[in-house]
$ cat run-v9.txt   # compact mmCIF, C-alpha atoms
# COMPACT_ATOMS: atom_id res chain seq x y z
CA MET A 358 2.47 63.67 -44.85
CA ILE A 359 -0.31 64.98 -47.11
CA THR A 360 -3.44 65.84 -45.14
CA ARG A 361 -6.42 64.08 -46.71
CA GLU A 362 -8.66 67.00 -45.87
CA LEU A 363 -11.63 65.87 -47.96
CA TYR A 364 -11.95 62.63 -46.01
CA LEU A 365 -10.99 64.07 -42.62
CA LYS A 366 -13.77 66.62 -43.00
CA LYS A 367 -16.27 63.79 -43.40
CA LEU A 368 -14.93 61.99 -40.33
CA ARG A 369 -15.16 65.19 -38.27
CA LEU A 370 -18.81 65.59 -39.26
CA LEU A 371 -19.51 61.95 -38.39
CA ARG A 372 -17.73 61.94 -35.03
CA ASP A 373 -20.01 60.67 -32.25
CA GLN A 374 -22.84 60.05 -34.68
CA ASP A 375 -24.72 56.81 -34.03
CA LEU A 376 -23.29 55.18 -37.16
CA ILE A 377 -20.43 52.84 -37.97
CA LYS A 378 -17.89 54.67 -40.08
CA VAL A 379 -16.71 52.23 -42.79
CA ILE A 380 -13.66 53.31 -44.79
CA THR A 381 -13.12 51.25 -47.92
CA GLY A 382 -10.74 51.37 -50.85
CA VAL A 383 -8.01 49.56 -52.73
CA ARG A 384 -5.00 48.36 -50.75
CA ARG A 385 -2.36 51.00 -49.94
CA CYS A 386 -4.56 53.98 -50.83
CA GLY A 387 -4.07 55.44 -47.35
CA LYS A 388 -6.86 54.04 -45.16
CA SER A 389 -4.62 53.31 -42.16
CA THR A 390 -2.91 56.69 -42.45
CA LEU A 391 -6.29 58.42 -42.56
CA LEU A 392 -7.39 56.66 -39.38
CA GLU A 393 -4.11 57.60 -37.69
CA ALA A 394 -4.54 61.25 -38.74
CA PHE A 395 -8.06 61.29 -37.31
CA ARG A 396 -6.83 59.64 -34.10
CA ASN A 397 -4.25 62.42 -33.77
CA GLU A 398 -7.00 65.02 -34.23
CA LEU A 399 -8.98 63.38 -31.44
CA LEU A 400 -5.95 63.59 -29.15
CA GLU A 401 -5.41 67.25 -30.05
CA SER A 402 -9.08 67.97 -29.31
CA GLY A 403 -8.65 66.72 -25.75
CA VAL A 404 -9.64 63.04 -25.99
CA ASN A 405 -7.54 60.97 -23.59
CA SER A 406 -5.31 58.37 -25.25
CA GLU A 407 -6.83 55.75 -22.93
CA ASN A 408 -10.17 56.29 -24.66
CA ILE A 409 -8.76 55.43 -28.10
CA ILE A 410 -8.35 51.78 -29.11
CA PHE A 411 -6.52 51.25 -32.43
CA MET A 412 -5.94 47.79 -33.89
CA ASN A 413 -4.52 46.89 -37.31
CA PHE A 414 -5.21 43.26 -38.17
CA GLU A 415 -2.38 43.10 -40.68
CA GLU A 416 0.08 43.59 -37.81
CA ARG A 417 1.66 40.49 -36.32
CA GLU A 418 0.67 41.22 -32.72
CA ASN A 419 -3.02 41.07 -33.69
CA LEU A 420 -2.87 37.83 -35.67
CA SER A 421 -3.67 35.81 -32.55
CA PHE A 422 -7.24 37.11 -32.50
CA CYS A 423 -8.73 34.45 -34.73
CA GLU A 424 -12.08 34.38 -32.92
CA TRP A 425 -14.30 37.44 -32.68
CA THR A 426 -15.42 36.69 -29.11
CA ALA A 427 -11.86 36.83 -27.76
CA LEU A 428 -11.25 40.07 -29.63
CA TYR A 429 -14.49 41.56 -28.33
CA ASP A 430 -13.47 40.75 -24.76
CA GLU A 431 -10.02 42.29 -25.36
CA ILE A 432 -11.52 45.52 -26.68
CA LEU A 433 -14.11 45.65 -23.91
CA ALA A 434 -11.38 45.28 -21.28
CA LYS A 435 -9.66 48.38 -22.70
CA THR A 436 -12.72 50.64 -22.77
CA LYS A 437 -13.32 53.18 -20.04
CA ARG A 438 -16.75 53.08 -18.43
CA ASN A 439 -19.00 56.14 -18.56
CA LYS A 440 -16.82 57.75 -21.23
CA LYS A 441 -16.90 57.74 -25.02
CA ASN A 442 -14.40 55.25 -26.44
CA TYR A 443 -13.14 55.58 -30.01
CA VAL A 444 -12.48 52.15 -31.52
CA PHE A 445 -10.51 51.87 -34.78
CA LEU A 446 -10.38 48.43 -36.45
CA ASP A 447 -8.09 48.44 -39.49
CA GLU A 448 -8.60 45.68 -42.11
CA VAL A 449 -11.26 44.14 -39.90
CA GLN A 450 -12.38 41.67 -42.57
CA LEU A 451 -9.33 39.57 -41.66
CA VAL A 452 -11.05 38.62 -38.39
CA THR A 453 -13.19 35.49 -38.52
CA ASN A 454 -16.89 36.40 -38.15
CA PHE A 455 -15.96 40.10 -38.06
CA GLU A 456 -19.63 40.91 -38.77
CA LYS A 457 -20.61 39.73 -35.29
CA LEU A 458 -17.76 41.67 -33.72
CA VAL A 459 -18.80 44.89 -35.46
CA ASP A 460 -22.45 44.44 -34.56
CA SER A 461 -21.66 43.72 -30.91
CA LEU A 462 -19.47 46.82 -30.58
CA PHE A 463 -21.94 49.04 -32.38
CA VAL A 464 -24.77 48.42 -29.92
CA ARG A 465 -22.63 49.75 -27.08
CA LYS A 466 -23.46 53.41 -26.42
CA ASP A 467 -19.95 54.10 -25.09
CA VAL A 468 -18.28 53.12 -28.40
CA ASP A 469 -17.78 55.25 -31.52
CA LEU A 470 -16.69 52.71 -34.14
CA TYR A 471 -14.48 53.15 -37.22
CA ILE A 472 -13.52 50.21 -39.47
CA THR A 473 -11.60 49.79 -42.72
CA GLY A 474 -11.37 47.11 -45.39
CA SER A 475 -9.74 46.58 -48.77
CA ASN A 476 -12.55 44.90 -50.66
CA ALA A 477 -16.28 45.14 -51.11
CA TYR A 478 -16.74 41.92 -49.11
CA LEU A 479 -16.70 44.21 -46.08
CA LEU A 480 -20.10 45.60 -47.10
CA SER A 481 -21.58 42.49 -48.63
CA GLY A 482 -23.56 39.61 -47.25
CA GLU A 483 -24.20 39.31 -43.54
CA LEU A 484 -22.64 42.61 -42.46
CA ALA A 485 -24.81 44.68 -44.80
CA THR A 486 -27.88 42.72 -43.62
CA LEU A 487 -27.00 43.20 -39.95
CA LEU A 488 -26.19 46.88 -40.26
CA THR A 489 -28.71 48.18 -42.79
CA GLY A 490 -29.17 51.87 -42.07
CA ARG A 491 -26.57 51.82 -39.31
CA TYR A 492 -23.35 52.54 -41.21
CA ILE A 493 -21.97 55.10 -43.62
CA ALA A 494 -19.29 54.20 -46.16
CA ILE A 495 -16.41 56.46 -47.14
CA ASN A 496 -14.62 55.20 -50.24
CA LEU A 497 -10.98 56.29 -50.26
CA HIS A 498 -8.91 56.68 -53.45
CA PRO A 499 -5.25 57.43 -54.17
CA PHE A 500 -4.29 61.12 -54.28
CA SER A 501 -6.45 63.58 -56.18
CA PHE A 502 -4.53 66.05 -58.35
CA LEU A 503 -4.92 68.70 -55.64
CA GLU A 504 -3.36 66.35 -53.08
CA TYR A 505 -0.69 65.41 -55.61
CA THR A 506 0.34 69.06 -55.99
CA LEU A 507 0.78 69.29 -52.22
CA ALA A 508 3.34 66.48 -52.47
CA PHE A 509 5.41 68.54 -54.92
CA PRO A 510 5.42 72.10 -53.48
CA GLU A 511 8.65 72.90 -55.32
CA GLU A 512 7.01 72.37 -58.75
CA LYS A 513 5.31 75.62 -59.76
CA ASN A 514 4.41 74.54 -63.31
CA THR A 515 1.00 72.87 -62.87
CA ASP A 516 0.83 71.87 -66.54
CA ARG A 517 4.04 69.87 -66.22
CA LEU A 518 2.91 68.41 -62.91
CA PHE A 519 -0.44 67.37 -64.37
CA ARG A 520 1.27 65.60 -67.28
CA GLN A 521 3.31 63.74 -64.66
CA TYR A 522 0.11 62.91 -62.75
CA LEU A 523 -1.48 61.44 -65.89
CA ASN A 524 1.50 59.17 -66.48
CA SER A 525 2.42 58.22 -62.92
CA SER A 526 0.96 56.65 -59.80
CA ALA A 527 -1.00 58.57 -57.17
CA PHE A 528 -0.71 55.90 -54.46
CA PRO A 529 0.70 57.84 -51.47
CA GLU A 530 3.78 55.68 -51.01
CA ALA A 531 4.44 55.51 -54.76
CA VAL A 532 4.54 59.32 -54.77
CA ASN A 533 7.10 59.25 -51.94
CA ILE A 534 9.22 56.65 -53.74
CA SER A 535 9.12 58.66 -56.97
CA LYS A 536 11.00 61.48 -55.23
CA THR A 537 13.93 59.40 -53.98
CA ALA A 538 14.02 56.22 -56.07
CA PRO A 539 11.84 56.67 -59.18
CA GLY A 540 13.18 53.48 -60.71
CA LEU A 541 11.49 51.47 -57.95
CA VAL A 542 7.97 52.85 -58.40
CA ASN A 543 6.90 50.13 -60.83
CA ASP A 544 8.27 47.46 -58.48
CA TYR A 545 6.12 48.92 -55.70
CA LEU A 546 3.05 49.06 -57.95
CA LYS A 547 3.67 45.47 -59.01
CA SER A 548 3.62 44.43 -55.34
CA ILE A 549 0.25 46.16 -54.84
CA TYR A 550 -1.12 44.62 -58.01
CA ASP A 551 0.09 41.12 -57.09
CA THR A 552 -1.39 41.42 -53.59
CA VAL A 553 -4.78 42.63 -54.80
CA ILE A 554 -4.99 40.02 -57.55
CA GLY A 555 -3.48 37.26 -55.41
CA LYS A 556 -5.18 37.79 -52.02
CA ASP A 557 -8.37 39.71 -52.77
CA ILE A 558 -9.32 37.79 -55.89
CA ILE A 559 -7.46 34.53 -56.59
CA THR A 560 -7.18 33.26 -52.99
CA ARG A 561 -10.54 34.56 -51.79
CA HIS A 562 -12.47 33.16 -54.75
CA LYS A 563 -10.31 30.02 -55.11
CA LEU A 564 -9.58 30.67 -58.79
CA ARG A 565 -7.62 28.04 -60.66
CA ASN A 566 -7.45 29.65 -64.10
CA PHE A 567 -5.41 32.84 -63.65
CA ASN A 568 -5.00 33.32 -67.39
CA ASN A 569 -8.60 34.42 -68.00
CA LEU A 570 -8.39 36.98 -65.19
CA GLN A 571 -5.15 38.41 -66.57
CA ARG A 572 -6.59 38.67 -70.08
CA ILE A 573 -9.62 40.60 -68.81
CA ILE A 574 -7.46 42.96 -66.73
CA GLU A 575 -5.25 43.78 -69.72
CA PHE A 576 -8.31 44.29 -71.93
CA LEU A 577 -10.08 46.63 -69.50
CA PHE A 578 -6.95 48.59 -68.60
CA ASP A 579 -6.43 49.26 -72.31
CA ALA A 580 -10.14 50.01 -72.80
CA VAL A 581 -10.42 52.69 -70.09
CA GLY A 582 -13.13 55.14 -71.11
CA SER A 583 -14.56 52.91 -73.84
CA LEU A 584 -18.04 51.40 -73.80
CA VAL A 585 -17.78 47.64 -73.36
CA SER A 586 -20.02 44.71 -72.49
CA PRO A 587 -19.23 41.19 -71.23
CA THR A 588 -20.35 39.79 -74.58
CA ASN A 589 -18.09 42.19 -76.46
CA ILE A 590 -15.14 41.40 -74.19
CA ALA A 591 -15.61 37.64 -74.62
CA GLU A 592 -15.84 38.01 -78.40
CA GLN A 593 -12.72 40.15 -78.57
CA LEU A 594 -10.69 37.83 -76.36
CA ASN A 595 -11.85 34.73 -78.21
CA MET A 596 -10.97 36.32 -81.55
CA TYR A 597 -7.32 36.76 -80.63
CA SER A 598 -6.78 33.64 -78.56
CA GLY A 599 -7.28 29.94 -79.04
CA LYS A 600 -8.55 29.69 -75.47
CA LYS A 601 -12.28 30.33 -75.17
CA ILE A 602 -13.87 32.40 -72.44
CA SER A 603 -17.60 32.60 -71.85
CA HIS A 604 -19.81 35.64 -71.33
CA ASN A 605 -20.70 34.43 -67.81
CA THR A 606 -17.04 33.98 -66.86
CA VAL A 607 -16.33 37.56 -67.95
CA ILE A 608 -19.19 38.87 -65.79
CA LYS A 609 -17.92 36.93 -62.77
CA LEU A 610 -14.30 38.04 -63.11
CA ILE A 611 -15.20 41.70 -63.67
CA GLY A 612 -17.25 41.50 -60.48
CA TYR A 613 -14.17 40.30 -58.60
CA LEU A 614 -12.14 43.22 -59.98
CA THR A 615 -14.68 45.83 -58.92
CA GLU A 616 -15.03 44.17 -55.50
CA SER A 617 -11.29 44.66 -54.96
CA TYR A 618 -11.60 48.37 -55.92
CA ILE A 619 -8.97 48.05 -58.61
CA LEU A 620 -11.64 48.85 -61.24
CA TYR A 621 -14.73 51.05 -61.01
CA ASN A 622 -17.66 51.03 -63.40
CA ALA A 623 -19.88 53.78 -64.76
CA PRO A 624 -23.22 52.39 -66.01
CA ARG A 625 -25.15 54.07 -68.82
CA TYR A 626 -28.19 56.25 -68.19
CA ASP A 627 -30.75 57.18 -70.83
CA ILE A 628 -31.32 60.91 -70.32
CA LYS A 629 -34.46 61.08 -72.46
CA GLY A 630 -35.97 57.83 -71.20
CA LYS A 631 -34.83 58.48 -67.61
CA GLU A 632 -33.70 54.93 -66.96
CA LEU A 633 -30.55 52.91 -66.43
CA LEU A 634 -29.49 50.83 -69.40
CA SER A 635 -28.45 47.22 -68.94
CA THR A 636 -26.05 47.08 -71.89
CA ASN A 637 -22.58 48.57 -72.18
CA GLU A 638 -20.77 50.58 -69.54
CA LYS A 639 -17.35 52.08 -68.97
CA TYR A 640 -14.59 51.01 -66.60
CA TYR A 641 -11.91 53.12 -64.95
CA VAL A 642 -8.71 52.02 -63.19
CA VAL A 643 -8.23 53.25 -59.61
CA ASP A 644 -4.65 54.37 -60.31
CA LEU A 645 -3.23 55.22 -63.71
CA GLY A 646 0.19 53.98 -62.64
CA LEU A 647 -1.22 50.45 -62.62
CA LYS A 648 -1.80 50.74 -66.39
CA ASN A 649 1.94 51.10 -66.85
CA ILE A 650 2.73 47.67 -65.44
CA THR A 651 0.12 45.76 -67.44
CA SER A 652 -0.60 47.82 -70.53
CA THR A 653 1.23 48.28 -73.79
CA ASN A 654 0.05 51.91 -73.79
CA LYS A 655 2.85 53.70 -71.99
CA PHE A 656 3.89 57.28 -71.21
CA ASP A 657 1.90 59.97 -73.02
CA ALA A 658 -0.22 57.40 -74.83
CA ASP A 659 -4.02 57.55 -74.83
CA LEU A 660 -4.03 60.86 -72.94
CA GLY A 661 -7.68 61.56 -73.77
CA HIS A 662 -8.89 58.45 -71.97
CA LYS A 663 -6.44 59.01 -69.10
CA LEU A 664 -7.92 62.49 -68.72
CA GLU A 665 -11.40 60.96 -68.61
CA ASN A 666 -10.19 58.53 -65.92
CA VAL A 667 -8.99 61.45 -63.76
CA VAL A 668 -12.28 63.33 -64.13
CA TYR A 669 -14.31 60.22 -63.26
CA PHE A 670 -12.58 59.78 -59.89
CA GLU A 671 -12.74 63.49 -59.13
CA LEU A 672 -16.50 63.36 -59.63
CA LEU A 673 -16.72 60.42 -57.22
CA ARG A 674 -14.73 62.41 -54.65
CA ARG A 675 -17.07 65.38 -54.99
CA GLY A 676 -20.03 63.20 -54.08
CA GLY A 677 -22.88 61.48 -55.87
CA MET A 678 -23.33 58.73 -58.43
CA VAL A 679 -21.54 58.88 -61.78
CA PHE A 680 -23.11 57.58 -64.99
CA VAL A 681 -22.32 57.63 -68.68
CA GLY A 682 -25.11 59.52 -70.43
CA LYS A 683 -27.00 58.44 -73.55
CA ASN A 684 -29.10 61.08 -75.29
CA LYS A 685 -30.69 59.60 -78.43
CA ASP A 686 -27.69 58.82 -80.65
CA LYS A 687 -25.29 61.01 -78.65
CA GLU A 688 -23.11 60.19 -75.66
CA VAL A 689 -22.42 62.40 -72.66
CA ASP A 690 -19.18 61.39 -70.95
CA PHE A 691 -20.51 61.77 -67.42
CA ILE A 692 -23.64 62.57 -65.47
CA LEU A 693 -23.04 63.42 -61.83
CA GLN A 694 -26.23 62.64 -59.92
CA LYS A 695 -26.09 64.45 -56.59
CA ALA A 696 -27.74 63.48 -53.32
CA ASN A 697 -30.09 66.49 -53.50
CA ASN A 698 -31.48 65.17 -56.80
CA GLU A 699 -29.55 67.82 -58.72
CA ARG A 700 -27.26 66.79 -61.54
CA GLU A 701 -24.40 68.04 -63.70
CA TYR A 702 -23.29 66.98 -67.19
CA PHE A 703 -19.67 66.69 -68.30
CA GLN A 704 -17.84 66.27 -71.59
CA VAL A 705 -14.09 65.63 -71.41
CA ALA A 706 -11.68 66.23 -74.29
CA TYR A 707 -7.93 66.75 -74.54
CA SER A 708 -8.48 69.81 -76.75
CA VAL A 709 -11.32 71.37 -78.73
CA ASN A 710 -9.29 74.01 -80.57
CA ASP A 711 -10.34 72.31 -83.80
CA GLU A 712 -13.83 73.53 -84.73
CA LYS A 713 -15.09 70.09 -85.77
CA THR A 714 -13.94 68.59 -82.48
CA PHE A 715 -15.60 71.41 -80.55
CA GLU A 716 -18.92 70.90 -82.36
CA ARG A 717 -18.77 67.15 -81.82
CA GLU A 718 -18.20 67.54 -78.08
CA ILE A 719 -20.96 70.09 -77.40
CA SER A 720 -23.49 68.51 -79.77
CA SER A 721 -24.28 66.00 -77.01
CA PHE A 722 -25.39 68.90 -74.80
CA ARG A 723 -27.55 70.76 -77.31
CA SER A 724 -30.48 68.35 -77.30
CA ILE A 725 -30.66 68.00 -73.50
CA LYS A 726 -33.80 69.89 -72.54
CA ASP A 727 -33.25 70.43 -68.82
CA ASN A 728 -31.37 73.36 -67.29
CA TYR A 729 -28.82 71.49 -65.18
CA PRO A 730 -25.19 72.76 -65.45
CA LYS A 731 -23.14 71.52 -68.40
CA PHE A 732 -19.35 71.50 -68.40
CA LEU A 733 -16.82 70.97 -71.18
CA LEU A 734 -13.47 70.11 -69.57
CA THR A 735 -10.31 70.33 -71.69
CA LEU A 736 -6.61 71.13 -71.42
CA ASP A 737 -7.13 74.28 -73.50
CA TYR A 738 -6.24 77.45 -71.64
CA ASP A 739 -9.35 79.48 -72.36
CA ASN A 740 -12.40 79.42 -70.09
CA ALA A 741 -15.71 80.57 -71.54
CA VAL A 742 -19.49 80.20 -71.41
CA ILE A 743 -20.93 79.14 -74.78
CA ASP A 744 -24.71 78.79 -75.13
CA GLY A 745 -24.89 78.16 -71.40
CA ILE A 746 -22.15 75.50 -71.55
CA GLN A 747 -19.20 76.20 -69.24
CA LYS A 748 -15.90 75.49 -70.98
CA LYS A 749 -13.21 75.06 -68.32
CA ASN A 750 -9.56 74.15 -68.18
CA VAL A 751 -9.54 70.77 -66.46
CA ILE A 752 -6.54 71.64 -64.28
CA ASP A 753 -8.31 74.75 -62.97
CA TRP A 754 -11.42 72.66 -62.35
CA LEU A 755 -9.46 69.98 -60.46
CA LEU A 756 -7.81 72.58 -58.22
CA ASP A 757 -11.04 74.54 -57.62
CA THR A 758 -12.57 72.79 -54.61
$ encode --input "run-v9.txt" --output "structure tokens"
Amino acid sequence: MITRELYLKKLRLLRDQDLIKVITGVRRCGKSTLLEAFRNELLESGVNSENIIFMNFEERENLSFCEWTALYDEILAKTKRNKKNYVFLDEVQLVTNFEKLVDSLFVRKDVDLYITGSNAYLLSGELATLLTGRYIAINLHPFSFLEYTLAFPEEKNTDRLFRQYLNSSAFPEAVNISKTAPGLVNDYLKSIYDTVIGKDIITRHKLRNFNNLQRIIEFLFDAVGSLVSPTNIAEQLNMYSGKKISHNTVIKLIGYLTESYILYNAPRYDIKGKELLSTNEKYYVVDLGLKNITSTNKFDADLGHKLENVVYFELLRRGGMVFVGKNKDKEVDFILQKANNEREYFQVAYSVNDEKTFEREISSFRSIKDNYPKFLLTLDYDNAVIDGIQKKNVIDWLLDT
């Protein structure tokens, strides 16, 4: 088992804090395993097993709790009075009126509450209204490259391992399968994909036209790292198909995809004007292995945009908001806006050994007038500081935490 240290560290800091710990993320990214690992840490720290209540609502024995009041009574009957009780509710959104259950447990001073869910519905609507200021969300992703290396301790060539990471899946179980039955990895990924699309989108939103959703998924998976807009997507799809799709339909379906955490978006920010822009943004797929089951771009194709996809999720893991930067007529791949109001700028390129490519990549930095750190991440081996710009090997950067 790979220890998800980044996320466990957050849970340790939040233990016994008067907040609901909400762990979100795409299906099968490791939310249940993370909760189990934290439960084991509690036991090792001296917490009695009787003070830990763990329920997974995808398990058959918990399907009978269709009403939140009955479940609340069941949990309350298991708590120990005058002691802190740690309550873990896995995939709690499957419980009818789960918002009321969560709120009722939270107000109890003897309960430290942890919940997980596989779509943004968990933090939308009534729950967010009820719990404003009373919860903290931890968004979990498939393995980072650092975690991925821990799964392959026998592989000492990090360059080769990183090429594998770019072209494979980082879902924890997919990594395990790749070691013993690599031919079955795509079957496993297809099952995740079908579940997310089927349960979290089609069933939940009662969609009847699956074709439009599939067309948008294929378009955005192939357009990873490219600036797109709903209008542009509709025009492109209508150009190559006799079936029309409207701008509003595109907006709605993209919203469903981001809600399910299968796609993430990076909006554009005008550096000079200091404002968010309402047109064009970039989308990134939560796991590059999913591109292989839907996209025509296969192994070793489009490596530059795959590299950008990896950097985007690493920036999310390191904390803060991630934007695409616009500086006059230039584009900055990423702006990481940190919680302390500091920021960092990033350009990502497969290689800048060619002088023209190098000048193109750093030209976006030259006209930025502030003194925040600027990084050029590539697969080149040399690290250097050029006019205050830090050129780093992206593998070194990913492993330097």
$ residues_near_point --input "run-v9.txt" --point "(-2.7, 54.1, -42.2)" --cutoff "12 Å" --atoms "only C-alpha atoms" --output "NGL selection string"
:A and (358 or 361 or 380 or 384-397 or 411-416 or 445-448 or 472-474 or 497 or 529-530)
$ closest_residue --input "run-v9.txt" --among "A:Asp551, A:Asp430, A:Glu418, A:Asp644" --to "Ala527 of chain A" --atoms "only C-alpha atoms"
A:Asp644
$ residues_near_point --input "run-v9.txt" --point "(-15.7, 49.7, -57.9)" --cutoff "10 Å" --atoms "all atoms listed in the file" --output "PyMOL selection string"
chain A and resi 382-383+476-477+496+611-623+640-643
$ atom_distance --input "run-v9.txt" --atom1 "atom CA of Lys441 of chain A" --atom2 "atom CA of Ser475 of chain A"
27.2 Å
$ atom_distance --input "run-v9.txt" --atom1 "atom CA of Tyr471 of chain A" --atom2 "atom CA of Val444 of chain A"
6.1 Å
$ closest_residue --input "run-v9.txt" --among "A:Asn595, A:Asn750, A:Thr758, A:Asn442" --to "Phe519 of chain A" --atoms "only C-alpha atoms"
A:Asn750
$ residues_around --input "run-v9.txt" --residues "segment 697-699 of chain A" --least-positions-apart "5" --cutoff "10 Å" --atoms "only C-alpha atoms" --output "list in words"
Gly677, Tyr729 and Pro730 of chain A
